[in-house]
Amino acid sequence: MIVVTGATGKVGGELVRLLAAAGEQVTAVSRRPAPLPEGVRHSAGDLGEPAGLKAAFDGADALFLLVAGQEPQAVLEAAAAGGVRRVVLLSSQGAGTRPEAYGHPVAFEEAVRGSGLEWTILRPGGFDSNALAWAEPIRAHRTAAAPFGDVALPTVDPGDIAEVAAVVLREGGHAGRTYTLTGPQAVSPRERAAAIGAALGEEVRFVEQSREEAREQMLRVMPEPVVEGTLAILGTPTVEEQQVSPDVERILGRVPRAFADWAARNVAAFR
């Protein structure tokens with residue numbers, strides 16, 4: 001059995017669907033129930049409360065783990081006690097490129113490596129789905145705002161992350177590996193807005209924010225160290241952060257999906 005935490009999220013929800021379609025026995029863990037594929041068991045749980053996860057882990061042999069809560073060691077101990085022998089952690093590229101700003105995923109990576117379990121770490125860059133933050137202004141007045149309008153990064157489709165996770169959870173040969181997951185090319189915020197416009201068949205006007213404007217907006221939903229680290233990546237990315245990783249193609253046997261593909265599949269959110 002495979003336990004998927006964050007089972008209602010962009011990656012977790014798709015991962016549950018893929019695993020169920022492949023015939024795997026799946027337990028979906030989330031704080032609140034949501035529609036699930038037939039045969040998938042739901043277990044209410046919160047990674048911030050590891051003691052409450054015992055029932056979810058009972059009889060499991062693999063775990064897809066999010067960076068959430070503050071006690072990764074306790075979560076992993078509960079998983080091992082339930083029978084889990086393989087863990088796939090969804091971390092962040094920033095844990096490798098800017099560990100001082102991404103202490104939370106770094107702590108989870110360290111706990112996973114020291115857990116005694118067979119482990120694989122996935123480090124995606126920015127998600128294509130972060131563009132959903134533009135959904136309301138694009139619907140209202142066909143406008144998208146972001147800082148650093150012409151700085152390009154190879155953001156990744158959450159669906160590709162889920163497909164990679166499904167392969168790593170089900171197949172051997174990935175133990176002790178850390179994979180960086182990106183899209184097929186670097187795309188700037190201005191270019192992402194244009195791609196959404198193309199999917200809509202209408203122009204989307206791009207408005208470049210100042211760094212301070214973006215910082216103020218991001219602080220409403222993110223801790224300050226993560227905001228500063230994110231703005232650094234968006235504005236002054238390292239060479240590594242701008243590079244396209246070969247890992248998605250190596251694992252899936254196909255090139256990652258482009259941002260334009262994501263925009264076309266999700267265009268209804270912007271109408």
# chains A, B, ... in the order shown; residues from 1 in each chain; ligands from 1

$ select_by_dssp --residues "segment 62-261 of chain A" --states "strand (DSSP E)" --output "PyMOL selection string"
chain A and resi 62-66+86-90+118-124+143-147+177-181+205-209

$ residues_around --residues "Val207 of chain A" --least-positions-apart "5" --cutoff "7 Å" --atoms "only C-alpha atoms" --output "ChimeraX atom specification"
/A:144-146

$ write_last_selection --atoms "N, CA, C and O atoms" --output "compact mmCIF listing (two decimals), in the first residue's frame"
# COMPACT_ATOMS: atom_id res chain seq x y z
N ALA A 144 -1.90 40.60 -15.54
CA ALA A 144 -1.08 39.77 -14.66
C ALA A 144 0.11 40.60 -14.17
O ALA A 144 0.77 41.26 -14.98
N ALA A 145 0.36 40.57 -12.88
CA ALA A 145 1.45 41.36 -12.30
C ALA A 145 2.46 40.45 -11.60
O ALA A 145 2.07 39.49 -10.91
N ALA A 146 3.73 40.75 -11.77
CA ALA A 146 4.80 39.99 -11.12
C ALA A 146 6.08 40.81 -11.18
O ALA A 146 6.23 41.69 -12.04

$ residues_around --residues "Phe57 of chain A" --least-positions-apart "5" --cutoff "7 Å" --atoms "only C-alpha atoms" --output "JSON, numbers by chain"
{"A": [3, 79, 82]}

$ write_last_selection --atoms "N, CA and C atoms" --output "short mmCIF file (atom, residue, chain, number, x, y, z; two decimals), in the first residue's frame"
data_model
loop_
_atom_site.label_atom_id
_atom_site.label_comp_id
_atom_site.auth_asym_id
_atom_site.auth_seq_id
_atom_site.Cartn_x
_atom_site.Cartn_y
_atom_site.Cartn_z
N VAL A 3 0.95 5.32 0.81
CA VAL A 3 0.30 6.43 1.49
C VAL A 3 0.74 7.73 0.81
N ALA A 79 5.69 6.22 10.41
CA ALA A 79 5.60 5.51 9.14
C ALA A 79 6.31 4.17 9.21
N GLY A 82 4.46 1.58 11.07
CA GLY A 82 3.32 1.05 10.34
C GLY A 82 3.69 0.09 9.23
#

$ closest_residue --among "A:Val151, A:Val187, A:Ala268, A:Leu169" --to "Thr236 of chain A" --atoms "only C-alpha atoms"
A:Val151

$ residues_around --residues "segment 196-204 of chain A" --least-positions-apart "4" --cutoff "10 Å" --atoms "only C-alpha atoms" --output "list in words"
Ala131, Trp134, Ala135, Pro137, Ile138, Arg139, His141, Arg142, Thr143, Ala144, Arg190, Glu191, Arg192, Phe259, Ala260, Asp261, Trp262, Ala263, Ala264, Arg265, Asn266, Val267, Ala268, Phe270 and Arg271 of chain A

$ closest_residue --among "A:Ala165, A:Pro154, A:Asp247, A:Leu76" --to "Gly13 of chain A" --atoms "only C-alpha atoms"
A:Ala165

$ residues_around --residues "Ala62 of chain A" --least-positions-apart "2" --cutoff "9 Å" --atoms "only C-alpha atoms" --output "ChimeraX atom specification"
/A:1-4,57,60,64,79,83-88,169-170

$ residues_around --residues "segment 122-126 of chain A" --least-positions-apart "5" --cutoff "6 Å" --atoms "only C-alpha atoms" --output "list in words"
Leu90, Ser91, Ser92, Gln93, Thr155, Thr178, Tyr179, Thr180, Leu181 and Thr182 of chain A

$ write_last_selection --atoms "N, CA, C and O atoms" --output "tab-separated table (two decimals), in the first residue's frame"
chain	number	residue	atom	x	y	z
A	90	LEU	N	8.79	15.16	-1.28
A	90	LEU	CA	8.65	16.31	-2.18
A	90	LEU	C	9.25	17.51	-1.48
A	90	LEU	O	8.63	18.12	-0.62
A	91	SER	N	10.48	17.85	-1.83
A	91	SER	CA	11.22	18.94	-1.21
A	91	SER	C	11.16	20.17	-2.12
A	91	SER	O	10.11	20.46	-2.72
A	92	SER	N	12.24	20.89	-2.26
A	92	SER	CA	12.30	22.09	-3.09
A	92	SER	C	13.71	22.26	-3.63
A	92	SER	O	14.69	21.95	-2.93
A	93	GLN	N	13.83	22.76	-4.84
A	93	GLN	CA	15.16	23.04	-5.39
A	93	GLN	C	15.93	23.98	-4.49
A	93	GLN	O	17.16	23.88	-4.37
A	155	THR	N	10.13	26.62	-14.89
A	155	THR	CA	9.10	26.11	-13.99
A	155	THR	C	8.58	24.77	-14.49
A	155	THR	O	8.67	24.45	-15.67
A	178	THR	N	18.62	12.00	-5.44
A	178	THR	CA	17.96	13.30	-5.35
A	178	THR	C	17.78	13.83	-6.76
A	178	THR	O	18.76	13.99	-7.50
A	179	TYR	N	16.52	14.07	-7.14
A	179	TYR	CA	16.22	14.50	-8.50
A	179	TYR	C	15.73	15.95	-8.51
A	179	TYR	O	14.88	16.33	-7.71
A	180	THR	N	16.29	16.73	-9.42
A	180	THR	CA	15.83	18.11	-9.65
A	180	THR	C	14.84	18.09	-10.81
A	180	THR	O	15.14	17.57	-11.89
A	181	LEU	N	13.66	18.66	-10.58
A	181	LEU	CA	12.58	18.58	-11.58
A	181	LEU	C	12.28	19.97	-12.11
A	181	LEU	O	11.93	20.87	-11.36
A	182	THR	N	12.40	20.14	-13.42
A	182	THR	CA	12.12	21.41	-14.08
A	182	THR	C	11.29	21.17	-15.33
A	182	THR	O	11.10	20.03	-15.77

$ closest_atom_pairs --of "segment 67-148 of chain A" --to "segment 214-234 of chain A" --cutoff "9 Å" --atoms "only C-alpha atoms" --output "Markdown table"
| residue | atom | partner | partner_atom | distance |
| --- | --- | --- | --- | --- |
| A:Gly94 | CA | A:Gly229 | CA | 7.9 |
| A:Arg98 | CA | A:Gly229 | CA | 7.1 |
| A:Glu100 | CA | A:Gly229 | CA | 8.5 |
| A:Ala101 | CA | A:Gly229 | CA | 5.2 |
| A:Tyr102 | CA | A:Val226 | CA | 6.4 |
| A:Gly103 | CA | A:Pro225 | CA | 8.8 |
| A:Ala145 | CA | A:Ala214 | CA | 8.9 |
| A:Ala146 | CA | A:Ala214 | CA | 6.8 |
| A:Pro147 | CA | A:Ala214 | CA | 6.3 |
| A:Phe148 | CA | A:Leu234 | CA | 6.7 |

$ atom_distance --atom1 "atom CA of Gly114 of chain A" --atom2 "atom CA of Val156 of chain A"
28.2 Å

$ residues_around --residues "Leu153 of chain A" --least-positions-apart "4" --cutoff "7 Å" --atoms "only C-alpha atoms" --output "list of chain:residue names"
A:Ala186, A:Val187, A:Ser188, A:Gln242

$ write_last_selection --atoms "C-alpha atoms" --output "PDB file, in the first residue's frame"
ATOM      1  CA  ALA A 186      13.179  28.751 -18.984  1.00  0.00           C
ATOM      2  CA  VAL A 187      10.160  31.049 -19.306  1.00  0.00           C
ATOM      3  CA  SER A 188       9.822  34.585 -17.935  1.00  0.00           C
ATOM      4  CA  GLN A 242      18.108  28.651 -14.550  1.00  0.00           C
TER       5      GLN A 242
END

$ closest_residue --among "A:Leu66, A:Gln209, A:Val248, A:Glu109" --to "Glu163 of chain A" --atoms "only C-alpha atoms"
A:Val248

$ closest_residue --among "A:Ala152, A:Leu47, A:Ala107, A:Ala81" --to "Val239 of chain A" --atoms "only C-alpha atoms"
A:Ala152
